[in-house]
>>> print(open('input22.csv').read())   # CSV, C-alpha atoms
chain,number,residue,atom,x,y,z
A,1230,MET,CA,-145.7,-44.6,0.8
A,1231,PRO,CA,-143.0,-45.9,3.1
A,1232,ARG,CA,-143.4,-49.3,1.6
A,1233,PHE,CA,-143.0,-47.9,-1.9
A,1234,LEU,CA,-139.7,-46.2,-0.9
A,1235,ALA,CA,-138.5,-49.4,0.8
A,1236,ALA,CA,-139.2,-51.4,-2.2
A,1237,LEU,CA,-137.5,-48.8,-4.4
A,1238,ALA,CA,-134.5,-48.9,-2.2
A,1239,ARG,CA,-134.3,-52.6,-2.4
A,1240,THR,CA,-134.4,-52.5,-6.1
A,1241,ALA,CA,-131.8,-49.6,-6.4
A,1242,LEU,CA,-129.2,-51.2,-4.1
A,1243,PRO,CA,-128.2,-54.0,-6.5
A,1244,ILE,CA,-128.0,-51.6,-9.3
A,1245,VAL,CA,-125.7,-49.3,-7.3
A,1246,ALA,CA,-123.6,-52.2,-6.3
A,1247,LEU,CA,-123.3,-53.3,-9.9
A,1248,ILE,CA,-122.3,-49.8,-11.1
A,1249,SER,CA,-119.7,-49.6,-8.3
A,1250,SER,CA,-118.2,-52.9,-9.3
A,1251,LEU,CA,-117.9,-51.9,-12.9
A,1252,SER,CA,-116.4,-48.4,-12.3
A,1253,PRO,CA,-112.8,-49.6,-11.8
A,1254,ALA,CA,-112.9,-51.7,-15.0
A,1255,LEU,CA,-114.2,-48.7,-16.9
A,1256,ALA,CA,-111.5,-46.6,-15.4
A,1257,GLU,CA,-108.8,-48.9,-16.6
A,1258,ASP,CA,-110.2,-49.1,-20.2
A,1259,TYR,CA,-110.5,-45.4,-20.5
A,1260,PRO,CA,-107.4,-43.7,-19.0
A,1261,PRO,CA,-107.7,-40.1,-18.2
A,1262,SER,CA,-106.4,-37.7,-20.9
A,1263,PRO,CA,-103.1,-36.1,-20.0
A,1264,GLN,CA,-103.1,-32.7,-18.7
A,1265,PRO,CA,-100.7,-30.1,-20.3
A,1266,LYS,CA,-97.7,-29.4,-18.2
A,1267,PRO,CA,-96.7,-25.9,-17.6
A,1268,ALA,CA,-93.7,-24.7,-19.7
A,1269,ILE,CA,-90.4,-24.3,-17.9
A,1270,VAL,CA,-88.3,-21.3,-19.1
A,1271,VAL,CA,-84.7,-21.3,-18.2
A,1272,GLU,CA,-82.8,-18.1,-18.8
A,1273,ARG,CA,-79.0,-18.5,-19.4
A,1274,VAL,CA,-76.9,-15.5,-18.9
A,1275,VAL,CA,-73.6,-15.5,-20.7
A,1276,GLU,CA,-71.0,-13.4,-19.1
A,1277,VAL,CA,-68.3,-12.0,-21.5
A,1278,GLU,CA,-64.9,-12.0,-19.9
A,1279,PRO,CA,-62.7,-9.0,-20.6
A,1280,ALA,CA,-59.7,-9.6,-22.9
A,1281,PRO,CA,-56.5,-10.0,-20.9
A,1282,ALA,CA,-54.2,-7.0,-21.0
A,1283,PRO,CA,-51.0,-7.5,-23.1
A,1284,ALA,CA,-48.1,-8.8,-20.9
A,1285,ALA,CA,-45.4,-6.3,-20.3
A,1286,PRO,CA,-42.1,-7.2,-22.1
A,1287,LEU,CA,-39.7,-8.9,-19.9
A,1288,PRO,CA,-36.5,-7.0,-19.3
A,1289,SER,CA,-33.7,-8.5,-21.5
A,1290,ALA,CA,-31.3,-10.5,-19.4
A,1291,ALA,CA,-27.7,-9.5,-19.6
A,1292,PRO,CA,-25.6,-12.1,-21.5
A,1293,SER,CA,-23.9,-14.6,-19.3
A,1294,ALA,CA,-20.2,-15.2,-19.2
A,1295,SER,CA,-20.6,-18.5,-21.2
A,1296,GLU,CA,-22.5,-16.7,-24.0
A,1297,ASP,CA,-19.8,-14.0,-24.2
A,1298,THR,CA,-17.2,-16.8,-24.5
A,1299,ALA,CA,-19.1,-18.6,-27.2
A,1300,ALA,CA,-19.5,-15.4,-29.2
A,1301,GLY,CA,-15.8,-14.7,-28.9
A,1302,VAL,CA,-15.0,-18.2,-30.1
A,1303,TYR,CA,-17.2,-17.8,-33.2
A,1304,ARG,CA,-15.6,-14.5,-34.0
A,1305,LEU,CA,-12.2,-16.0,-33.7
A,1306,ILE,CA,-13.2,-18.9,-36.0
A,1307,TRP,CA,-14.5,-16.6,-38.7
A,1308,LEU,CA,-11.4,-14.5,-38.4
A,1309,LEU,CA,-9.1,-17.5,-38.8
A,1310,ALA,CA,-11.3,-18.7,-41.8
A,1311,ALA,CA,-11.0,-15.4,-43.5
A,1312,ILE,CA,-7.2,-15.3,-43.0
A,1313,GLY,CA,-7.0,-18.9,-44.3
A,1314,LEU,CA,-8.9,-18.0,-47.5
A,1315,GLY,CA,-6.8,-15.0,-48.0
A,1316,VAL,CA,-3.6,-17.1,-47.7
A,1317,ILE,CA,-5.0,-19.7,-50.1
A,1318,GLY,CA,-5.9,-17.0,-52.6
A,1319,LEU,CA,-2.5,-15.4,-52.4
A,1320,LEU,CA,-0.8,-18.8,-52.9
A,1321,ALA,CA,-3.0,-19.5,-55.9
A,1322,TRP,CA,-2.2,-16.1,-57.4
A,1323,GLN,CA,1.5,-16.7,-56.9
A,1324,VAL,CA,1.3,-20.1,-58.5
A,1325,LEU,CA,-0.6,-18.7,-61.5
A,1326,THR,CA,1.8,-15.8,-61.8
A,1327,GLN,CA,4.8,-18.1,-61.7
A,1328,ARG,CA,3.3,-20.4,-64.3
A,1329,ASP,CA,2.5,-17.6,-66.6
A,1330,ALA,CA,6.1,-16.2,-66.2
A,1331,ALA,CA,7.5,-19.7,-66.9
A,1332,ARG,CA,5.4,-20.0,-70.0
A,1333,ARG,CA,6.5,-16.5,-71.2
A,1334,ARG,CA,10.1,-17.5,-70.8
A,1335,THR,CA,9.8,-20.9,-72.5
A,1336,ARG,CA,7.1,-20.3,-75.2
A,1337,ALA,CA,7.8,-19.9,-79.0
A,1338,TYR,CA,8.2,-16.3,-80.3
A,1339,ILE,CA,7.9,-15.9,-84.1
A,1340,SER,CA,9.6,-12.9,-85.5
A,1341,VAL,CA,9.9,-11.6,-89.1
A,1342,ARG,CA,12.7,-9.6,-90.6
A,1343,PRO,CA,13.3,-8.3,-94.2
A,1344,GLY,CA,15.2,-10.6,-96.6
A,1345,ALA,CA,16.1,-9.8,-100.1
A,1346,ALA,CA,15.0,-6.4,-101.3
A,1347,PRO,CA,12.8,-6.1,-104.4
A,1348,GLN,CA,14.6,-5.6,-107.8
A,1349,LEU,CA,12.9,-3.0,-109.9
A,1350,ASP,CA,15.0,-3.7,-113.1
A,1351,THR,CA,13.5,-7.1,-113.8
A,1352,ASP,CA,10.2,-8.3,-115.2
A,1353,TRP,CA,9.3,-10.1,-112.0
A,1354,THR,CA,9.8,-8.1,-108.9
A,1355,ASP,CA,10.9,-10.6,-106.2
A,1356,ALA,CA,11.6,-10.2,-102.5
A,1357,THR,CA,11.9,-12.3,-99.4
A,1358,VAL,CA,11.1,-12.2,-95.7
A,1359,ILE,CA,12.6,-14.4,-93.0
A,1360,VAL,CA,10.4,-16.0,-90.3
A,1361,LYS,CA,12.3,-17.2,-87.2
A,1362,ASN,CA,11.3,-18.9,-84.0
A,1363,SER,CA,13.2,-16.9,-81.3
A,1364,GLY,CA,11.7,-18.8,-78.4
A,1365,THR,CA,12.9,-21.9,-76.5
A,1366,THR,CA,10.0,-24.3,-77.5
A,1367,PRO,CA,8.7,-25.2,-80.9
A,1368,ALA,CA,6.0,-23.3,-82.8
A,1369,PHE,CA,3.3,-25.8,-84.0
A,1370,ALA,CA,0.8,-25.6,-86.9
A,1371,LEU,CA,2.6,-22.5,-88.3
A,1372,ASP,CA,0.7,-20.9,-91.2
A,1373,HIS,CA,1.3,-17.6,-93.0
A,1374,ALA,CA,-0.3,-15.3,-95.5
A,1375,THR,CA,2.2,-12.9,-97.2
A,1376,THR,CA,2.2,-10.6,-100.2
A,1377,LEU,CA,4.2,-8.0,-102.0
A,1378,MET,CA,2.1,-5.1,-103.4
A,1379,MET,CA,1.9,-1.4,-104.0
A,1380,LEU,CA,0.1,0.7,-101.4
A,1381,ASP,CA,-0.8,4.3,-101.1
A,1382,PHE,CA,1.7,6.2,-99.0
A,1383,PRO,CA,1.5,7.3,-96.2
A,1384,GLU,CA,-2.1,6.0,-95.8
A,1385,ALA,CA,-1.2,2.3,-96.4
A,1386,PRO,CA,-4.6,0.7,-95.8
A,1387,LEU,CA,-3.2,-2.5,-94.2
A,1388,GLU,CA,-6.5,-3.7,-92.6
A,1389,GLU,CA,-8.2,-4.0,-95.9
A,1390,VAL,CA,-5.3,-6.1,-97.2
A,1391,MET,CA,-5.1,-8.4,-94.2
A,1392,GLY,CA,-8.9,-8.8,-94.2
A,1393,ALA,CA,-8.7,-10.1,-97.7
A,1394,ALA,CA,-5.7,-12.4,-96.8
A,1395,ASP,CA,-7.8,-14.6,-94.5
A,1396,LYS,CA,-8.7,-16.9,-97.4
A,1397,MET,CA,-4.9,-17.7,-97.7
A,1398,PHE,CA,-4.7,-19.3,-94.3
A,1399,GLY,CA,-5.3,-23.0,-93.6
A,1400,LYS,CA,-3.1,-24.3,-96.4
A,1401,LYS,CA,0.2,-24.7,-94.4
A,1402,SER,CA,1.1,-26.4,-91.1
A,1403,ILE,CA,4.8,-26.0,-90.3
A,1404,VAL,CA,6.6,-27.0,-87.1
A,1405,LEU,CA,9.4,-24.5,-86.5
A,1406,ALA,CA,11.9,-25.5,-83.9
A,1407,PRO,CA,13.6,-23.1,-81.5
A,1408,GLY,CA,16.2,-21.0,-83.3
A,1409,GLU,CA,15.0,-22.3,-86.7
A,1410,GLU,CA,14.0,-20.0,-89.5
A,1411,ILE,CA,12.4,-20.2,-92.9
A,1412,THR,CA,12.6,-17.9,-95.9
A,1413,VAL,CA,9.3,-16.9,-97.5
A,1414,PRO,CA,9.5,-15.8,-101.1
A,1415,LEU,CA,7.4,-12.9,-102.4
A,1416,ARG,CA,6.7,-11.9,-106.0
A,1417,THR,CA,4.7,-9.4,-107.9
A,1418,VAL,CA,4.6,-7.7,-111.4
A,1419,LEU,CA,5.0,-4.0,-111.6
A,1420,THR,CA,4.2,-1.8,-114.6
A,1421,GLU,CA,6.7,0.8,-115.6
A,1422,ASP,CA,4.6,3.5,-114.0
A,1423,GLU,CA,4.5,1.6,-110.7
A,1424,LYS,CA,8.3,1.2,-110.8
A,1425,ARG,CA,8.7,5.0,-111.3
A,1426,GLU,CA,6.2,5.7,-108.5
A,1427,THR,CA,8.2,3.3,-106.2
A,1428,GLU,CA,11.5,5.0,-107.1
A,1429,ASP,CA,9.9,8.4,-106.4
A,1430,GLY,CA,8.3,7.1,-103.1
A,1431,THR,CA,6.1,10.2,-102.7
A,1432,HIS,CA,2.6,8.7,-103.1
A,1433,LYS,CA,3.3,5.0,-103.5
A,1434,ARG,CA,5.4,2.4,-101.7
A,1435,LEU,CA,6.1,-1.2,-102.4
A,1436,CYS,CA,5.1,-3.1,-99.3
A,1437,ALA,CA,5.9,-6.6,-98.1
A,1438,LEU,CA,3.3,-7.5,-95.5
A,1439,GLY,CA,1.6,-10.5,-94.0
A,1440,GLU,CA,0.6,-12.4,-90.9
A,1441,ILE,CA,2.0,-15.5,-89.2
A,1442,ARG,CA,-0.3,-17.7,-87.1
A,1443,TYR,CA,0.9,-20.6,-84.9
A,1444,LEU,CA,0.3,-22.6,-81.7
A,1445,ASP,CA,2.9,-22.4,-78.9
A,1446,ALA,CA,3.9,-25.5,-76.7
A,1447,PHE,CA,1.0,-24.7,-74.3
A,1448,LYS,CA,-1.6,-24.8,-77.1
A,1449,ALA,CA,-2.2,-21.1,-77.0
A,1450,ARG,CA,-2.9,-19.4,-80.4
A,1451,ARG,CA,-0.4,-16.7,-81.3
A,1452,ARG,CA,-0.1,-14.2,-84.1
A,1453,THR,CA,2.6,-12.0,-85.6
A,1454,ARG,CA,2.0,-9.3,-88.2
A,1455,PHE,CA,4.6,-7.5,-90.2
A,1456,CYS,CA,4.9,-4.7,-92.8
A,1457,PHE,CA,8.1,-3.6,-94.6
A,1458,VAL,CA,8.3,-0.8,-97.1
A,1459,PHE,CA,10.5,-0.2,-100.1
A,1460,GLY,CA,10.5,3.0,-102.1
A,1461,GLY,CA,12.0,6.5,-102.2
A,1462,PRO,CA,15.7,7.4,-103.0
A,1463,SER,CA,17.1,6.8,-99.5
A,1464,ILE,CA,15.5,3.4,-99.0
A,1465,ILE,CA,16.4,2.2,-102.5
A,1466,ALA,CA,20.0,3.4,-102.0
A,1467,SER,CA,20.2,1.3,-98.7
A,1468,GLY,CA,19.3,-1.9,-100.7
A,1469,ALA,CA,16.9,-3.2,-97.9
A,1470,MET,CA,13.3,-2.9,-97.0
A,1471,GLN,CA,12.6,-0.8,-94.0
A,1472,LEU,CA,10.2,-1.5,-91.1
A,1473,ALA,CA,6.9,0.4,-91.6
A,1474,ASP,CA,5.5,2.8,-89.1
A,1475,ARG,CA,2.5,0.6,-88.7
A,1476,GLY,CA,1.3,-2.9,-89.3
A,1477,ASN,CA,3.9,-4.6,-86.9
A,1478,GLU,CA,2.4,-6.4,-83.9
A,1479,ALA,CA,2.6,-9.7,-82.1
A,1480,ASP,CA,0.9,-11.6,-79.3
>>> encode(input="input22.csv", output="structure tokens")
Amino acid sequence: MPRFLAALARTALPIVALISSLSPALAEDYPPSPQPKPAIVVERVVEVEPAPAPAAPLPSAAPSASEDTAAGVYRLIWLLAAIGLGVIGLLAWQVLTQRDAARRRTRAYISVRPGAAPQLDTDWTDATVIVKNSGTTPAFALDHATTLMMLDFPEAPLEEVMGAADKMFGKKSIVLAPGEEITVPLRTVLTEDEKRETEDGTHKRLCALGEIRYLDAFKARRRTRFCFVFGGPSIIASGAMQLADRGNEAD
């Protein structure tokens, strides 16, 4: 028995040595499987800071002496500017006023006065009016619309007549020098009944009326309207047309 064990030991020793020599190589060819690592949990605590309290308002500082001086200078400048503008406005107003006054003194003024009175004992009833420039400068582009006609008395609807007379303008352009005058003839035909109504003068009057348009030396448009009446015993006895109560105006 001991011999058998010794022989067996001699046989096993080379095998054990061979296995021992191969073990490192096998270990390199087959690395060990990784072992799971334990999870690391990190807890993060966020601290919320409280909102800062609103800052208390700073007490307003009293203005310094330099700031008071600057404010005073600004006020003085504005005051002087206002005074300057007022003086300029006053001077401009005076200049315009003096200019208008000078123009009023030197402009043309067209006036109209009665001329020859109507004659009721003729077939044609004729009359005249006299247009005069009473100003100190010429009247330019003078034009007129005039007529001699019967009108109801005392109503005398002058506006209707002058409205229809607009178509008579634009046919004349006269330059009338200062102090110069022109005579404008008027003519109409009256029936016997109209002549008797004119002599009576109760309900009808014979009227010489019209309008003068012109430009003054300063290119301003001017107008003169006139109306003279003839009728009734007293006016006919005077032998002249009389100024009517209405229909006479100028600008």
>>> atom_distance(input="input22.csv", atom1="atom CA of A:Asp1445", atom2="atom CA of A:Pro1367")
6.7 Å
>>> residues_around(input="input22.csv", residues="A:Asn1477", least_positions_apart="4", cutoff="10 Å", atoms="all atoms listed in the file", output="list of chain:residue names")
A:Val1341, A:Leu1438, A:Gly1439, A:Glu1440, A:Thr1453, A:Arg1454, A:Phe1455, A:Cys1456, A:Phe1457, A:Leu1472, A:Ala1473
>>> atom_distance(input="input22.csv", atom1="atom CA of A:Ala1330", atom2="atom CA of A:Gly1313")
25.7 Å
>>> atom_distance(input="input22.csv", atom1="atom CA of A:Lys1401", atom2="atom CA of A:His1373")
7.3 Å
>>> residues_near_point(input="input22.csv", point="(5.6, -13.3, -107.0)", cutoff="10 Å", atoms="only C-alpha atoms", output="ChimeraX atom specification")
/A:1353-1357,1376-1378,1414-1418
>>> write_last_selection(input="input22.csv", atoms="C-alpha atoms", output="PDB file, in the coordinates of the input")
ATOM      1  CA  TRP A1353       9.300 -10.100-112.000  1.00  0.00           C
ATOM      2  CA  THR A1354       9.800  -8.100-108.900  1.00  0.00           C
ATOM      3  CA  ASP A1355      10.900 -10.600-106.200  1.00  0.00           C
ATOM      4  CA  ALA A1356      11.600 -10.200-102.500  1.00  0.00           C
ATOM      5  CA  THR A1357      11.900 -12.300 -99.400  1.00  0.00           C
ATOM      6  CA  THR A1376       2.200 -10.600-100.200  1.00  0.00           C
ATOM      7  CA  LEU A1377       4.200  -8.000-102.000  1.00  0.00           C
ATOM      8  CA  MET A1378       2.100  -5.100-103.400  1.00  0.00           C
ATOM      9  CA  PRO A1414       9.500 -15.800-101.100  1.00  0.00           C
ATOM     10  CA  LEU A1415       7.400 -12.900-102.400  1.00  0.00           C
ATOM     11  CA  ARG A1416       6.700 -11.900-106.000  1.00  0.00           C
ATOM     12  CA  THR A1417       4.700  -9.400-107.900  1.00  0.00           C
ATOM     13  CA  VAL A1418       4.600  -7.700-111.400  1.00  0.00           C
TER      14      VAL A1418
END
>>> residues_around(input="input22.csv", residues="A:Arg1434", least_positions_apart="3", cutoff="12 Å", atoms="only C-alpha atoms", output="PDB file with C-alpha atoms, in the frame of the given file")
ATOM      1  CA  PRO A1347      12.800  -6.100-104.400  1.00  0.00           C
ATOM      2  CA  LEU A1377       4.200  -8.000-102.000  1.00  0.00           C
ATOM      3  CA  MET A1378       2.100  -5.100-103.400  1.00  0.00           C
ATOM      4  CA  MET A1379       1.900  -1.400-104.000  1.00  0.00           C
ATOM      5  CA  LEU A1380       0.100   0.700-101.400  1.00  0.00           C
ATOM      6  CA  ASP A1381      -0.800   4.300-101.100  1.00  0.00           C
ATOM      7  CA  PHE A1382       1.700   6.200 -99.000  1.00  0.00           C
ATOM      8  CA  PRO A1383       1.500   7.300 -96.200  1.00  0.00           C
ATOM      9  CA  GLU A1384      -2.100   6.000 -95.800  1.00  0.00           C
ATOM     10  CA  ALA A1385      -1.200   2.300 -96.400  1.00  0.00           C
ATOM     11  CA  PRO A1386      -4.600   0.700 -95.800  1.00  0.00           C
ATOM     12  CA  LEU A1419       5.000  -4.000-111.600  1.00  0.00           C
ATOM     13  CA  GLU A1423       4.500   1.600-110.700  1.00  0.00           C
ATOM     14  CA  LYS A1424       8.300   1.200-110.800  1.00  0.00           C
ATOM     15  CA  ARG A1425       8.700   5.000-111.300  1.00  0.00           C
ATOM     16  CA  GLU A1426       6.200   5.700-108.500  1.00  0.00           C
ATOM     17  CA  THR A1427       8.200   3.300-106.200  1.00  0.00           C
ATOM     18  CA  GLU A1428      11.500   5.000-107.100  1.00  0.00           C
ATOM     19  CA  ASP A1429       9.900   8.400-106.400  1.00  0.00           C
ATOM     20  CA  GLY A1430       8.300   7.100-103.100  1.00  0.00           C
ATOM     21  CA  THR A1431       6.100  10.200-102.700  1.00  0.00           C
ATOM     22  CA  ALA A1437       5.900  -6.600 -98.100  1.00  0.00           C
ATOM     23  CA  LEU A1438       3.300  -7.500 -95.500  1.00  0.00           C
ATOM     24  CA  CYS A1456       4.900  -4.700 -92.800  1.00  0.00           C
ATOM     25  CA  PHE A1457       8.100  -3.600 -94.600  1.00  0.00           C
ATOM     26  CA  VAL A1458       8.300  -0.800 -97.100  1.00  0.00           C
ATOM     27  CA  PHE A1459      10.500  -0.200-100.100  1.00  0.00           C
ATOM     28  CA  GLY A1460      10.500   3.000-102.100  1.00  0.00           C
ATOM     29  CA  GLY A1461      12.000   6.500-102.200  1.00  0.00           C
ATOM     30  CA  PRO A1462      15.700   7.400-103.000  1.00  0.00           C
ATOM     31  CA  ILE A1464      15.500   3.400 -99.000  1.00  0.00           C
ATOM     32  CA  ILE A1465      16.400   2.200-102.500  1.00  0.00           C
ATOM     33  CA  MET A1470      13.300  -2.900 -97.000  1.00  0.00           C
ATOM     34  CA  GLN A1471      12.600  -0.800 -94.000  1.00  0.00           C
ATOM     35  CA  ALA A1473       6.900   0.400 -91.600  1.00  0.00           C
TER      36      ALA A1473
END
>>> closest_residue(input="input22.csv", among="A:Leu1308, A:Ile1441, A:Val1413, A:Leu1320", to="A:Ser1340", atoms="all atoms listed in the file")
A:Ile1441
>>> residues_near_point(input="input22.csv", point="(-1.8, -24.5, -74.7)", cutoff="12 Å", atoms="all atoms listed in the file", output="PyMOL selection string")
chain A and resi 1329+1332+1336-1337+1368-1369+1443-1451
>>> closest_residue(input="input22.csv", among="A:Ala1331, A:Gln1323, A:Ile1359, A:Cys1436", to="A:Ala1345", atoms="only C-alpha atoms")
A:Ile1359
>>> closest_residue(input="input22.csv", among="A:Leu1387, A:Val1404, A:Leu1349, A:Ala1466", to="A:Thr1420", atoms="all atoms listed in the file")
A:Leu1349
>>> closest_residue(input="input22.csv", among="A:Leu1325, A:Ile1312, A:Ala1346, A:Leu1435", to="A:Ser1467", atoms="only C-alpha atoms")
A:Ala1346
>>> decode(input="input22.csv", residues="stretch 1370-1393 of chain A", atoms="C-alpha atoms", output="PDB file, in the first residue's frame")
ATOM      1  CA  ALA A1370     -59.888 148.315 -62.844  1.00  0.00           C
ATOM      2  CA  LEU A1371     -63.004 150.318 -62.011  1.00  0.00           C
ATOM      3  CA  ASP A1372     -66.186 148.626 -63.184  1.00  0.00           C
ATOM      4  CA  HIS A1373     -69.836 149.488 -62.566  1.00  0.00           C
ATOM      5  CA  ALA A1374     -73.336 148.115 -62.922  1.00  0.00           C
ATOM      6  CA  THR A1375     -76.031 150.800 -62.806  1.00  0.00           C
ATOM      7  CA  THR A1376     -79.692 151.033 -63.709  1.00  0.00           C
ATOM      8  CA  LEU A1377     -82.762 153.287 -63.564  1.00  0.00           C
ATOM      9  CA  MET A1378     -85.963 151.442 -62.714  1.00  0.00           C
ATOM     10  CA  MET A1379     -89.251 151.530 -60.849  1.00  0.00           C
ATOM     11  CA  LEU A1380     -89.311 149.888 -57.422  1.00  0.00           C
ATOM     12  CA  ASP A1381     -91.992 149.354 -54.830  1.00  0.00           C
ATOM     13  CA  PHE A1382     -91.962 151.972 -52.118  1.00  0.00           C
ATOM     14  CA  PRO A1383     -91.015 151.831 -49.314  1.00  0.00           C
ATOM     15  CA  GLU A1384     -89.981 148.158 -49.601  1.00  0.00           C
ATOM     16  CA  ALA A1385     -87.453 148.738 -52.421  1.00  0.00           C
ATOM     17  CA  PRO A1386     -86.089 145.156 -52.873  1.00  0.00           C
ATOM     18  CA  LEU A1387     -82.533 146.280 -53.658  1.00  0.00           C
ATOM     19  CA  GLU A1388     -80.836 142.939 -53.000  1.00  0.00           C
ATOM     20  CA  GLU A1389     -82.839 141.251 -55.735  1.00  0.00           C
ATOM     21  CA  VAL A1390     -81.835 143.941 -58.198  1.00  0.00           C
ATOM     22  CA  MET A1391     -78.132 143.896 -57.286  1.00  0.00           C
ATOM     23  CA  GLY A1392     -78.060 140.106 -57.381  1.00  0.00           C
ATOM     24  CA  ALA A1393     -79.290 140.202 -60.972  1.00  0.00           C
TER      25      ALA A1393
END
